[in-house]
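Accompanying notes for the structure given below.
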Amino acid sequence: MASRILLVEDDSTIGEVLTASLRSHAHEVTWEQTGEAGITRATASAVDLVLLDLGLPDLDGVEVCRQLRRARPGCVIVILTARAAEMDVVVGLEAGADDYLVKPVRLGELHARVRAHLRRNEGAAAALSAYPIGDLVVDVPCRRVTVAGRELPLRAKEFDLLARMAAQPDVALSRETLMCDVWDEHWFGSTKTLDVHVAALRRKIGEIAASSHARVPAIVTLRGHGFRLELLPDSNSAPPGR
Ligand code: CA
């Protein structure tokens with residue numbers, strides 16, 4: 001089945017080039033030129049991946065990102081930014097984006113990223129495992145995470161990262177391994193994305209665990225190496241004997 005890609009880009013030249021190029025790779029592409037139209041489109045019809053320009057004429061791109069994420073929790077959002085400043089990228093990721101490409105976008109890189117994101121989403125859906133760790137269950141086929149039976153809403157990449165770590169609990173996973181497995185097999189450069197997603201997972205898991213008195217694993221930071229998902233003896237746990 002063709003992947004449904006929504007492109008939100010006000011520049012006609014860039015929009016035409018990207019649309020034609022994505023279509024030539026057998027993707028189903030819808031192109032909108034304003035933030036408002038992009039949000040309306042994503043709300044009305046299913047989409048697998050959004051390519052979102054941050055510099056739009058009507059709405060702030062970061063706000064558009066936030067609204068797209070609300071409308072489509074499971075889809076992949078890749079922001080396109082002419083602003084290579086790290087702050088813009090971090091703000092975009094915090095607003096719900098999974099990845100970013102800096103303009104001018106190289107088509108080879110665009111296709112590689114799009115392919116990797118879509119394949120990973122499909123691959124994760126096709127896997128056949130659920131990982132229980134304490135009261136936290138990562139159900140990979142259903143792409144659902146529950147804590148003591150309550151569903152924990154996660155963004156696409158947060159889920160992928162948690163599922164990757166849950167597949168090997170108690171094992172030290174390097175930053176490079178996580179970047180390669182969850183984002184891009186040829187990743188090099190900044191791993192800021194990883195820290196943003198780990199922070200979001202810690203916050204979300206912590207909040208639901210606190211409100212339901214559940215026992216959940218902690219994402220332990222291993223300085224100079226990476227992370228380990230581990231059920232600590234006293235991590236957010238219910239009182240002993242319960
Ligand atoms: Ca623009």
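Every chain in the structure tokens has a letter given in the order shown (A, B, ...), and although residue numbers restart at 1 in each chain, ligands are simply numbered from 1 in the order shown.
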
*Selection as a count of residues only: residues within 12 Å of ligand 1 by only C-alpha atoms and all ligand atoms*: 31

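Going from CA of Val216 (chain A) over to CA of Glu230 (chain A), you cover 8.6 Å.
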
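One distance worth recording is that between CA of Leu49 (chain A) and CA of Val76 (chain A), which is 4.6 Å.
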
_strand (DSSP E) residues, from DSSP on the backbone, in region 13-212 of chain A, as a PyMOL selection string_ = chain A and resi 28-32+49-53+76-81+99-102+130-133+136-139+144-147+150-151+173-174

*asked:* Based on the backbone DSSP call, show me all residues of region 42-202 of chain A assigned helix (DSSP H, G or I), as JSON, numbers by chain.
replied: {"A": [42, 43, 44, 61, 62, 63, 64, 65, 66, 67, 68, 69, 70, 71, 86, 87, 88, 89, 90, 91, 92, 93, 94, 107, 108, 109, 110, 111, 112, 113, 114, 115, 116, 117, 118, 119, 120, 121, 122, 123, 124, 125, 126, 156, 157, 158, 159, 160, 161, 162, 163, 164, 165, 166, 175, 176, 177, 178, 179, 180, 181, 182, 183, 192, 193, 194, 195, 196, 197, 198, 199, 200, 201, 202]}

_List as a ChimeraX atom specification the protein and nucleic acid residues near region 167-178 of chain A, meaning an atom at most 10 Å away when only C-alpha atoms are counted, but skip any in the same chain fewer than 5 places from it._
/A:129-133,138,140,160-162,183-188,191,194-195,217,219-222,224-232

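Taking CA of Ile77 (chain A) as the reference point, CA of Asp99 (chain A) is found at 6.7 Å.
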
*Would you mind telling me which residue in A:Arg144, A:Arg66, A:Arg115, A:Arg72 lies nearest to Val91 (chain A) when using only C-alpha atoms?*
A:Arg66

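Each of A:Leu22, A:Ile205, A:Arg215, A:Ala112 was checked against Val145 (chain A) using only C-alpha atoms; the smallest atom-to-atom distance is that of A:Ile205.
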